[in-house]
$ cat protein21.pdb   # PDB, C-alpha atoms
ATOM      1  CA  HIS A   1      15.843  -5.785  14.160
ATOM      2  CA  THR A   2      17.871  -8.990  13.859
ATOM      3  CA  LYS A   3      19.515  -9.396  10.464
ATOM      4  CA  LEU A   4      18.815 -12.804   8.973
ATOM      5  CA  PRO A   5      21.541 -14.740   7.122
ATOM      6  CA  SER A   6      21.579 -14.195   3.381
ATOM      7  CA  ALA A   7      20.550 -16.795   0.825
ATOM      8  CA  ASN A   8      24.236 -17.336  -0.073
ATOM      9  CA  SER A   9      25.172 -18.344   3.467
ATOM     10  CA  SER A  10      26.964 -21.615   3.958
ATOM     11  CA  PRO A  11      25.947 -24.140   6.676
ATOM     12  CA  HIS A  12      28.602 -22.571   8.934
ATOM     13  CA  GLY A  13      26.932 -19.172   8.667
ATOM     14  CA  GLU A  14      29.496 -17.508   6.359
ATOM     15  CA  ASP A  15      28.853 -16.120   2.878
ATOM     16  CA  GLU A  16      30.412 -17.814  -0.130
ATOM     17  CA  SER A  17      32.045 -14.508  -1.089
ATOM     18  CA  ALA A  18      33.610 -14.220   2.367
ATOM     19  CA  ALA A  19      35.127 -17.701   2.038
ATOM     20  CA  GLN A  20      37.128 -16.659  -1.021
ATOM     21  CA  THR A  21      40.718 -15.510  -0.630
ATOM     22  CA  LEU A  22      41.140 -11.770  -1.067
ATOM     23  CA  PRO A  23      43.977 -10.382  -3.243
ATOM     24  CA  GLY A  24      47.212 -10.120  -1.262
ATOM     25  CA  GLU A  25      45.733 -11.917   1.750
ATOM     26  CA  THR A  26      47.922 -14.391   3.587
ATOM     27  CA  LYS A  27      46.695 -17.769   4.744
ATOM     28  CA  ASP A  28      46.856 -16.728   8.399
ATOM     29  CA  ARG A  29      44.828 -13.556   7.827
ATOM     30  CA  ARG A  30      42.252 -15.482   5.806
ATOM     31  CA  HIS A  31      41.889 -18.001   8.618
ATOM     32  CA  LYS A  32      41.374 -15.232  11.183
ATOM     33  CA  ARG A  33      38.870 -13.455   8.949
ATOM     34  CA  LEU A  34      36.851 -16.606   8.416
ATOM     35  CA  GLU A  35      36.913 -17.315  12.148
ATOM     36  CA  ARG A  36      35.592 -13.820  12.857
ATOM     37  CA  ASN A  37      32.838 -14.359  10.297
ATOM     38  CA  ARG A  38      31.866 -17.669  11.881
ATOM     39  CA  GLU A  39      31.774 -16.114  15.348
ATOM     40  CA  SER A  40      29.692 -13.237  14.023
ATOM     41  CA  ALA A  41      27.270 -15.700  12.424
ATOM     42  CA  ARG A  42      27.015 -17.698  15.671
ATOM     43  CA  ALA A  43      26.332 -14.516  17.628
ATOM     44  CA  SER A  44      23.667 -13.525  15.098
ATOM     45  CA  ARG A  45      21.973 -16.904  15.455
ATOM     46  CA  ARG A  46      22.093 -16.635  19.242
ATOM     47  CA  ARG A  47      20.537 -13.169  19.126
ATOM     48  CA  ARG A  48      17.832 -14.332  16.774
ATOM     49  CA  LYS A  49      17.087 -17.367  18.935
ATOM     50  CA  GLN A  50      16.956 -15.199  22.062
ATOM     51  CA  TYR A  51      14.724 -12.693  20.273
ATOM     52  CA  LEU A  52      12.264 -15.421  19.231
ATOM     53  CA  GLU A  53      12.265 -16.906  22.731
ATOM     54  CA  ASP A  54      11.544 -13.479  24.204
ATOM     55  CA  LEU A  55       8.667 -13.032  21.752
ATOM     56  CA  ASP A  56       7.245 -16.447  22.675
ATOM     57  CA  ALA A  57       7.499 -15.615  26.378
ATOM     58  CA  ARG A  58       5.773 -12.259  25.845
ATOM     59  CA  VAL A  59       2.963 -13.860  23.834
ATOM     60  CA  MET A  60       2.495 -16.527  26.490
ATOM     61  CA  GLN A  61       2.439 -13.945  29.284
ATOM     62  CA  MET A  62      -0.047 -11.796  27.366
ATOM     63  CA  GLY A  63      -2.288 -14.839  26.944
ATOM     64  CA  ILE A  64      -2.099 -15.582  30.672
ATOM     65  CA  ASP A  65      -2.882 -11.961  31.541
ATOM     66  CA  MET A  66      -5.845 -11.920  29.145
ATOM     67  CA  ASP A  67      -7.207 -15.148  30.640
ATOM     68  CA  LYS A  68      -6.871 -13.729  34.153
ATOM     69  CA  GLY A  69      -8.691 -10.577  33.078
ATOM     70  CA  ARG A  70     -11.506 -12.558  31.459
ATOM     71  CA  ILE A  71     -11.892 -14.768  34.524
ATOM     72  CA  ALA A  72     -11.947 -11.773  36.882
ATOM     73  CA  HIS A  73     -14.502 -10.008  34.673
ATOM     74  CA  ALA A  74     -16.725 -13.102  34.491
ATOM     75  CA  CYS A  75     -16.506 -13.691  38.258
ATOM     76  CA  SER A  76     -17.499 -10.106  39.012
ATOM     77  CA  ALA A  77     -20.429 -10.120  36.555
ATOM     78  CA  SER A  78     -23.018 -11.376  39.070
ATOM     79  CA  LYS A  79     -21.838  -8.922  41.737
ATOM     80  CA  ILE A  80     -22.050  -6.006  39.314
ATOM     81  CA  VAL A  81     -25.542  -6.987  38.151
ATOM     82  CA  ARG A  82     -26.680  -7.418  41.770
ATOM     83  CA  ALA A  83     -25.369  -3.958  42.686
ATOM     84  CA  MET A  84     -27.068  -2.394  39.657
ATOM     85  CA  ARG A  85     -30.345  -4.151  40.500
ATOM     86  CA  LEU A  86     -30.170  -2.834  44.057
ATOM     87  CA  GLY A  87     -29.576   0.665  42.714
ATOM     88  CA  LYS A  88     -32.653   0.459  40.511
ATOM     89  CA  VAL A  89     -34.753  -0.830  43.414
ATOM     90  CA  ASN A  90     -33.599   2.117  45.554
ATOM     91  CA  GLU A  91     -34.554   4.518  42.772
ATOM     92  CA  ILE A  92     -38.035   2.993  42.621
ATOM     93  CA  GLU A  93     -38.434   3.249  46.388
ATOM     94  CA  LYS A  94     -37.424   6.915  46.385
ATOM     95  CA  LYS A  95     -40.054   7.734  43.765
ATOM     96  CA  MET A  96     -42.824   5.997  45.706
ATOM     97  CA  PRO A  97     -44.447   8.107  48.544
ATOM     98  CA  LEU A  98     -45.063   6.619  51.976
ATOM     99  CA  ARG A  99     -48.381   5.985  53.695
ATOM    100  CA  THR A 100     -48.524   4.601  57.225
ATOM    101  CA  ALA A 101     -51.455   2.564  58.549
ATOM    102  CA  PRO A 102     -51.826   1.104  62.054
ATOM    103  CA  ILE A 103     -52.477  -2.605  62.348
ATOM    104  CA  GLY A 104     -54.932  -3.511  65.110
ATOM    105  CA  ASN A 105     -58.309  -4.859  66.097
ATOM    106  CA  ARG A 106     -61.066  -2.332  65.339
ATOM    107  CA  LYS A 107     -63.590  -3.991  67.632
ATOM    108  CA  SER A 108     -61.291  -3.974  70.651
ATOM    109  CA  GLY A 109     -59.758  -0.618  69.768
ATOM    110  CA  ILE A 110     -56.270  -1.971  70.450
ATOM    111  CA  SER A 111     -53.539  -0.774  68.110
ATOM    112  CA  HIS A 112     -50.332  -2.720  67.677
ATOM    113  CA  ASN A 113     -47.069  -1.814  65.973
ATOM    114  CA  VAL A 114     -47.304   0.596  63.063
ATOM    115  CA  THR A 115     -46.054  -0.699  59.710
ATOM    116  CA  THR A 116     -44.979   1.305  56.655
ATOM    117  CA  THR A 117     -46.273   0.492  53.176
ATOM    118  CA  ARG A 118     -45.385   2.117  49.865
ATOM    119  CA  VAL A 119     -48.118   3.008  47.390
ATOM    120  CA  VAL A 120     -48.336   5.047  44.232
ATOM    121  CA  PRO A 121     -51.212   7.532  44.151
ATOM    122  CA  PRO A 122     -53.013   7.954  40.838
ATOM    123  CA  SER A 123     -51.566  11.448  40.424
ATOM    124  CA  ALA A 124     -47.936  10.260  40.664
ATOM    125  CA  PRO A 125     -46.069   9.917  37.327
ATOM    126  CA  ARG A 126     -45.459   6.268  36.411
ATOM    127  CA  SER A 127     -43.076   6.666  33.469
ATOM    128  CA  GLY A 128     -39.919   6.567  35.578
ATOM    129  CA  LEU A 129     -41.208   3.645  37.628
ATOM    130  CA  ASP A 130     -42.142   1.681  34.541
ATOM    131  CA  ASP A 131     -38.734   2.299  32.957
ATOM    132  CA  ASN A 132     -36.877   1.107  36.060
ATOM    133  CA  ALA A 133     -39.139  -1.924  36.405
ATOM    134  CA  ASN A 134     -38.609  -2.799  32.745
ATOM    135  CA  THR A 135     -34.837  -2.533  33.234
ATOM    136  CA  LEU A 136     -35.035  -4.930  36.174
ATOM    137  CA  LEU A 137     -36.919  -7.427  34.015
ATOM    138  CA  THR A 138     -34.668  -7.179  30.955
ATOM    139  CA  ALA A 139     -31.120  -5.830  31.067
ATOM    140  CA  LEU A 140     -30.653  -6.432  34.807
ATOM    141  CA  SER A 141     -32.632  -9.635  34.995
ATOM    142  CA  ARG A 142     -31.153 -12.585  36.858
ATOM    143  CA  ALA A 143     -31.402 -14.534  33.606
ATOM    144  CA  ASN A 144     -29.993 -11.914  31.219
ATOM    145  CA  PRO A 145     -27.760 -13.163  28.373
ATOM    146  CA  GLU A 146     -24.617 -11.504  29.773
ATOM    147  CA  LEU A 147     -24.786 -13.550  32.973
ATOM    148  CA  HIS A 148     -25.411 -16.699  30.950
ATOM    149  CA  ILE A 149     -22.340 -16.027  28.802
ATOM    150  CA  ALA A 150     -20.249 -15.417  31.917
ATOM    151  CA  GLN A 151     -21.368 -18.736  33.406
ATOM    152  CA  VAL A 152     -20.610 -20.616  30.189
ATOM    153  CA  PHE A 153     -17.142 -19.039  30.082
ATOM    154  CA  LEU A 154     -16.421 -20.001  33.704
ATOM    155  CA  LYS A 155     -17.591 -23.538  32.988
ATOM    156  CA  GLN A 156     -15.279 -23.814  29.986
ATOM    157  CA  GLN A 157     -12.357 -22.427  31.995
ATOM    158  CA  LEU A 158     -12.980 -24.951  34.754
ATOM    159  CA  MET A 159     -13.207 -27.786  32.237
ATOM    160  CA  SER A 160      -9.942 -26.704  30.598
ATOM    161  CA  VAL A 161      -8.226 -26.884  34.002
ATOM    162  CA  LEU A 162      -9.728 -30.257  34.918
ATOM    163  CA  GLN A 163      -9.348 -31.774  31.450
ATOM    164  CA  SER A 164      -7.243 -30.039  28.853
ATOM    165  CA  SER A 165      -7.913 -30.580  25.160
ATOM    166  CA  GLY A 166      -4.671 -32.504  24.802
ATOM    167  CA  SER A 167      -5.469 -34.925  27.622
ATOM    168  CA  LYS A 168      -8.998 -35.474  26.305
ATOM    169  CA  PHE A 169      -7.650 -36.271  22.837
ATOM    170  CA  PHE A 170      -5.059 -38.672  24.279
ATOM    171  CA  LEU A 171      -7.738 -40.460  26.336
ATOM    172  CA  TRP A 172      -9.847 -40.799  23.221
ATOM    173  CA  ALA A 173      -6.940 -41.896  21.020
ATOM    174  CA  SER A 174      -5.815 -44.514  23.546
ATOM    175  CA  LEU A 175      -9.116 -46.369  22.999
ATOM    176  CA  GLN A 176      -8.826 -46.571  19.214
ATOM    177  CA  HIS A 177      -8.202 -49.823  17.363
ATOM    178  CA  GLU A 178      -5.238 -50.835  15.212
ATOM    179  CA  GLU A 179      -6.987 -49.653  12.055
ATOM    180  CA  PHE A 180      -7.003 -46.080  13.359
ATOM    181  CA  TYR A 181      -3.202 -46.023  13.769
ATOM    182  CA  ARG A 182      -2.396 -47.800  10.517
ATOM    183  CA  GLY A 183      -3.866 -44.991   8.447
ATOM    184  CA  GLY A 184      -3.950 -47.060   5.273
ATOM    185  CA  ARG A 185      -0.523 -48.658   5.772
ATOM    186  CA  SER A 186       0.170 -52.355   5.595
ATOM    187  CA  GLN A 187       1.806 -54.051   8.582
ATOM    188  CA  SER A 188       5.119 -54.434   6.731
ATOM    189  CA  GLU A 189       5.230 -50.867   5.419
ATOM    190  CA  ARG A 190       7.720 -48.582   7.169
ATOM    191  CA  LEU A 191       6.273 -45.316   5.896
ATOM    192  CA  SER A 192       5.493 -42.838   8.670
ATOM    193  CA  ALA A 193       1.950 -41.652   9.206
ATOM    194  CA  ALA A 194       3.155 -38.072   8.759
ATOM    195  CA  ARG A 195       4.182 -38.840   5.174
ATOM    196  CA  ILE A 196       0.780 -40.358   4.507
ATOM    197  CA  GLY A 197      -0.829 -37.253   5.976
ATOM    198  CA  GLU A 198       1.293 -35.115   3.660
ATOM    199  CA  ARG A 199       0.041 -37.098   0.672
ATOM    200  CA  LEU A 200      -3.551 -36.690   1.835
ATOM    201  CA  LEU A 201      -3.085 -32.926   2.059
ATOM    202  CA  GLN A 202      -1.580 -32.856  -1.433
ATOM    203  CA  LYS A 203      -4.702 -34.619  -2.684
ATOM    204  CA  GLY A 204      -6.855 -31.962  -1.000
ATOM    205  CA  THR A 205      -8.000 -34.061   1.972
ATOM    206  CA  ARG A 206      -7.983 -31.795   5.038
ATOM    207  CA  LYS A 207     -10.615 -33.601   7.095
ATOM    208  CA  ALA A 208     -10.995 -37.319   7.703
ATOM    209  CA  THR A 209     -12.903 -39.689   9.961
ATOM    210  CA  PRO A 210     -10.969 -41.887  12.420
ATOM    211  CA  SER A 211     -11.049 -44.836  10.002
ATOM    212  CA  GLU A 212     -10.152 -42.828   6.892
ATOM    213  CA  GLY A 213      -6.906 -41.073   7.714
ATOM    214  CA  MET A 214      -7.383 -38.899  10.794
ATOM    215  CA  TRP A 215      -4.227 -40.221  12.486
ATOM    216  CA  PRO A 216      -1.914 -39.471   9.493
ATOM    217  CA  LEU A 217      -3.288 -35.934   9.311
ATOM    218  CA  VAL A 218      -2.647 -35.461  13.046
ATOM    219  CA  CYS A 219       0.907 -36.810  12.742
ATOM    220  CA  HIS A 220       1.629 -34.509   9.815
ATOM    221  CA  GLU A 221       0.178 -31.502  11.664
ATOM    222  CA  ILE A 222       2.411 -31.942  14.715
ATOM    223  CA  GLY A 223       5.393 -33.306  12.768
ATOM    224  CA  LEU A 224       5.738 -36.780  14.320
ATOM    225  CA  SER A 225       8.556 -38.972  13.097
ATOM    226  CA  TYR A 226       8.217 -42.727  12.716
ATOM    227  CA  ASP A 227      10.104 -43.352  15.987
ATOM    228  CA  GLN A 228       7.992 -40.820  17.890
ATOM    229  CA  GLU A 229       4.846 -42.420  16.534
ATOM    230  CA  ASP A 230       6.070 -45.828  17.674
ATOM    231  CA  LYS A 231       6.675 -44.467  21.198
ATOM    232  CA  ILE A 232       3.106 -43.152  21.296
ATOM    233  CA  ARG A 233       1.805 -46.567  20.277
ATOM    234  CA  GLN A 234       3.826 -48.192  23.053
ATOM    235  CA  ALA A 235       2.429 -45.692  25.571
ATOM    236  CA  GLN A 236      -1.089 -46.401  24.280
ATOM    237  CA  ARG A 237      -0.641 -50.133  24.862
ATOM    238  CA  ARG A 238       0.639 -49.516  28.386
ATOM    239  CA  VAL A 239      -2.384 -47.318  29.136
ATOM    240  CA  LEU A 240      -4.794 -50.035  28.015
ATOM    241  CA  THR A 241      -3.142 -52.672  30.204
ATOM    242  CA  ASN A 242      -2.914 -50.477  33.318
ATOM    243  CA  LYS A 243      -6.001 -50.776  35.536
ATOM    244  CA  GLN A 244      -5.367 -47.456  37.266
ATOM    245  CA  THR A 245      -5.739 -45.589  33.966
ATOM    246  CA  TRP A 246      -9.277 -46.925  33.657
ATOM    247  CA  VAL A 247     -10.063 -45.641  37.143
ATOM    248  CA  ASP A 248      -8.639 -42.257  36.161
ATOM    249  CA  ARG A 249     -10.702 -42.304  32.975
ATOM    250  CA  HIS A 250     -13.941 -42.893  34.892
ATOM    251  CA  LEU A 251     -12.949 -40.226  37.431
ATOM    252  CA  ALA A 252     -12.401 -37.736  34.610
ATOM    253  CA  PHE A 253     -15.800 -38.584  33.133
ATOM    254  CA  ALA A 254     -17.488 -38.246  36.540
ATOM    255  CA  THR A 255     -15.810 -34.862  37.086
ATOM    256  CA  GLN A 256     -17.068 -33.619  33.734
ATOM    257  CA  SER A 257     -20.569 -34.854  34.559
ATOM    258  CA  VAL A 258     -20.538 -33.013  37.902
ATOM    259  CA  VAL A 259     -19.450 -29.739  36.284
ATOM    260  CA  ASN A 260     -22.151 -30.061  33.621
ATOM    261  CA  SER A 261     -24.746 -30.823  36.305
ATOM    262  CA  ILE A 262     -23.771 -27.756  38.340
ATOM    263  CA  HIS A 263     -23.927 -25.574  35.235
ATOM    264  CA  SER A 264     -27.369 -26.954  34.342
ATOM    265  CA  SER A 265     -28.610 -26.365  37.904
ATOM    266  CA  LEU A 266     -27.446 -22.752  37.837
ATOM    267  CA  GLY A 267     -29.108 -22.251  34.473
ATOM    268  CA  GLY A 268     -32.352 -23.781  35.771
ATOM    269  CA  ALA A 269     -32.274 -21.504  38.816
ATOM    270  CA  GLN A 270     -31.884 -18.484  36.556
ATOM    271  CA  VAL A 271     -34.833 -19.567  34.405
ATOM    272  CA  ALA A 272     -36.991 -20.063  37.524
ATOM    273  CA  ALA A 273     -36.000 -16.626  38.811
ATOM    274  CA  LYS A 274     -36.915 -15.129  35.444
ATOM    275  CA  LYS A 275     -40.377 -16.720  35.583
ATOM    276  CA  ASN A 276     -40.951 -15.380  39.101
ATOM    277  CA  GLU A 277     -39.972 -11.880  37.980
ATOM    278  CA  THR A 278     -42.469 -11.913  35.143
TER
END
$ encode --input "protein21.pdb" --output "structure tokens"
Amino acid sequence: HTKLPSANSSPHGEDESAAQTLPGETKDRRHKRLERNRESARASRRRRKQYLEDLDARVMQMGIDMDKGRIAHACSASKIVRAMRLGKVNEIEKKMPLRTAPIGNRKSGISHNVTTTRVVPPSAPRSGLDDNANTLLTALSRANPELHIAQVFLKQQLMSVLQSSGSKFFLWASLQHEEFYRGGRSQSERLSAARIGERLLQKGTRKATPSEGMWPLVCHEIGLSYDQEDKIRQAQRRVLTNKQTWVDRHLAFATQSVVNSIHSSLGGAQVAAKKNET
């Protein structure tokens, strides 16, 4: 484990007790000792920084691996259900005896190709057949809840790739009026929105509408300074005056509409298949 600096540490990373001159210590030895302490403190900070960066990288990689596993599992859901349905159908066919009947014209006495049909005689047990058929209509149905959840997950993953939450919020925020960004400030007031958000939190306000302090709460949450906030406002004005950004905005909306339409079509096909099964 990395040892954190003590509460008595100075800004240079050395303890106040270490900065004092020891009995019988010369000025040169004291200087060397303090230099060693500073170097040790710098090395400790470097190790701690590296340790935190390694932890962040591991957490990020674990998140990526989990997302890949979820996507692979969701993509294979329909194939697994199809294979299980086919297995149940084969079980039903094995339990049903065969009876062959020639197809032909009785009057002419001509017989054509012989076809095979499957029937269940009255004496055959139906419990196993009914159980398999019920499984096909419920757990292994084409419209079972598991497949629906997998499709919703894949839709959300696709939407997150096409339009991330951050980009969607920026597109929405770029269309807001001056009142949204003021957050209760006057035009001459130089107080940052983050400070206003801090005051709102101290008063117990954790949620706010766009016209009642949402922007200050956002600035406080992400720690925006006054200068950073001003740069965002400048970028917002450039976005509104650039015609290409409006084309991109409509393209993003059209892409979202297409994905939603495809998802609705797949859901409708599943519902229709469910009705045909019943």
$ atom_distance --input "protein21.pdb" --atom1 "CA of Gln244 (chain A)" --atom2 "CA of Pro210 (chain A)"
26.1 Å
$ atom_distance --input "protein21.pdb" --atom1 "CA of Leu154 (chain A)" --atom2 "CA of Gly267 (chain A)"
12.9 Å
$ residues_around --input "protein21.pdb" --residues "Pro216 (chain A)" --least-positions-apart "5" --cutoff "8 Å" --atoms "only C-alpha atoms" --output "JSON list (two decimals) with C-alpha atoms, in the coordinates of the input"
[["chain", "number", "residue", "atom", "x", "y", "z"],
["A", 181, "TYR", "CA", -3.20, -46.02, 13.77],
["A", 183, "GLY", "CA", -3.87, -44.99, 8.45],
["A", 193, "ALA", "CA", 1.95, -41.65, 9.21],
["A", 194, "ALA", "CA", 3.16, -38.07, 8.76],
["A", 195, "ARG", "CA", 4.18, -38.84, 5.17],
["A", 196, "ILE", "CA", 0.78, -40.36, 4.51],
["A", 197, "GLY", "CA", -0.83, -37.25, 5.98],
["A", 198, "GLU", "CA", 1.29, -35.12, 3.66]]
$ atom_distance --input "protein21.pdb" --atom1 "CA of His73 (chain A)" --atom2 "CA of Ala150 (chain A)"
8.4 Å
$ residues_around --input "protein21.pdb" --residues "Gln236 (chain A)" --least-positions-apart "3" --cutoff "12 Å" --atoms "all atoms listed in the file" --output "PyMOL selection string"
chain A and resi 170-178+181+229-233+239-242+245
$ closest_residue --input "protein21.pdb" --among "A:Ser141, A:Asp67, A:Ser165, A:Arg29" --to "Met84 (chain A)" --atoms "only C-alpha atoms"
A:Ser141
$ closest_residue --input "protein21.pdb" --among "A:Asp54, A:Glu221, A:Glu146, A:Asp227" --to "Ala74 (chain A)" --atoms "all atoms listed in the file"
A:Glu146
$ closest_residue --input "protein21.pdb" --among "A:Ile149, A:Leu162, A:Leu136, A:Ile71" --to "Gln256 (chain A)" --atoms "only C-alpha atoms"
A:Leu162
$ closest_residue --input "protein21.pdb" --among "A:Tyr226, A:Arg199, A:Gly184, A:Ala252" --to "Ser211 (chain A)" --atoms "all atoms listed in the file"
A:Gly184
$ residues_around --input "protein21.pdb" --residues "Val89 (chain A)" --least-positions-apart "4" --cutoff "8 Å" --atoms "all atoms listed in the file" --output "CSV table (one decimal) with C-alpha atoms, in the coordinates of the input"
chain,number,residue,atom,x,y,z
A,85,ARG,CA,-30.3,-4.2,40.5
A,93,GLU,CA,-38.4,3.2,46.4
A,132,ASN,CA,-36.9,1.1,36.1
$ closest_residue --input "protein21.pdb" --among "A:Ser167, A:Val81, A:Ala57, A:Glu189" --to "Thr138 (chain A)" --atoms "only C-alpha atoms"
A:Val81
$ closest_residue --input "protein21.pdb" --among "A:Asn134, A:Ser186, A:Thr255, A:Ser225" --to "Leu158 (chain A)" --atoms "only C-alpha atoms"
A:Thr255
$ resolve_selection --input "protein21.pdb" --expression "the PyMOL selection byres ((chain A and resi 258-262) around 12)" --output "list in words"
Gln151, Val152, Leu154, Lys155, Gln156, Gln157, Leu158, Met159, Ser160, Val161, Leu162, Gln163, Leu251, Ala252, Phe253, Ala254, Thr255, Gln256, Ser257, His263, Ser264, Ser265, Leu266, Gly267, Gly268 and Ala269 of chain A
$ write_last_selection --input "protein21.pdb" --atoms "C-alpha atoms" --output "PDB file, in the coordinates of the input"
ATOM      1  CA  GLN A 151     -21.368 -18.736  33.406  1.00  0.00           C
ATOM      2  CA  VAL A 152     -20.610 -20.616  30.189  1.00  0.00           C
ATOM      3  CA  LEU A 154     -16.421 -20.001  33.704  1.00  0.00           C
ATOM      4  CA  LYS A 155     -17.591 -23.538  32.988  1.00  0.00           C
ATOM      5  CA  GLN A 156     -15.279 -23.814  29.986  1.00  0.00           C
ATOM      6  CA  GLN A 157     -12.357 -22.427  31.995  1.00  0.00           C
ATOM      7  CA  LEU A 158     -12.980 -24.951  34.754  1.00  0.00           C
ATOM      8  CA  MET A 159     -13.207 -27.786  32.237  1.00  0.00           C
ATOM      9  CA  SER A 160      -9.942 -26.704  30.598  1.00  0.00           C
ATOM     10  CA  VAL A 161      -8.226 -26.884  34.002  1.00  0.00           C
ATOM     11  CA  LEU A 162      -9.728 -30.257  34.918  1.00  0.00           C
ATOM     12  CA  GLN A 163      -9.348 -31.774  31.450  1.00  0.00           C
ATOM     13  CA  LEU A 251     -12.949 -40.226  37.431  1.00  0.00           C
ATOM     14  CA  ALA A 252     -12.401 -37.736  34.610  1.00  0.00           C
ATOM     15  CA  PHE A 253     -15.800 -38.584  33.133  1.00  0.00           C
ATOM     16  CA  ALA A 254     -17.488 -38.246  36.540  1.00  0.00           C
ATOM     17  CA  THR A 255     -15.810 -34.862  37.086  1.00  0.00           C
ATOM     18  CA  GLN A 256     -17.068 -33.619  33.734  1.00  0.00           C
ATOM     19  CA  SER A 257     -20.569 -34.854  34.559  1.00  0.00           C
ATOM     20  CA  HIS A 263     -23.927 -25.574  35.235  1.00  0.00           C
ATOM     21  CA  SER A 264     -27.369 -26.954  34.342  1.00  0.00           C
ATOM     22  CA  SER A 265     -28.610 -26.365  37.904  1.00  0.00           C
ATOM     23  CA  LEU A 266     -27.446 -22.752  37.837  1.00  0.00           C
ATOM     24  CA  GLY A 267     -29.108 -22.251  34.473  1.00  0.00           C
ATOM     25  CA  GLY A 268     -32.352 -23.781  35.771  1.00  0.00           C
ATOM     26  CA  ALA A 269     -32.274 -21.504  38.816  1.00  0.00           C
TER      27      ALA A 269
END
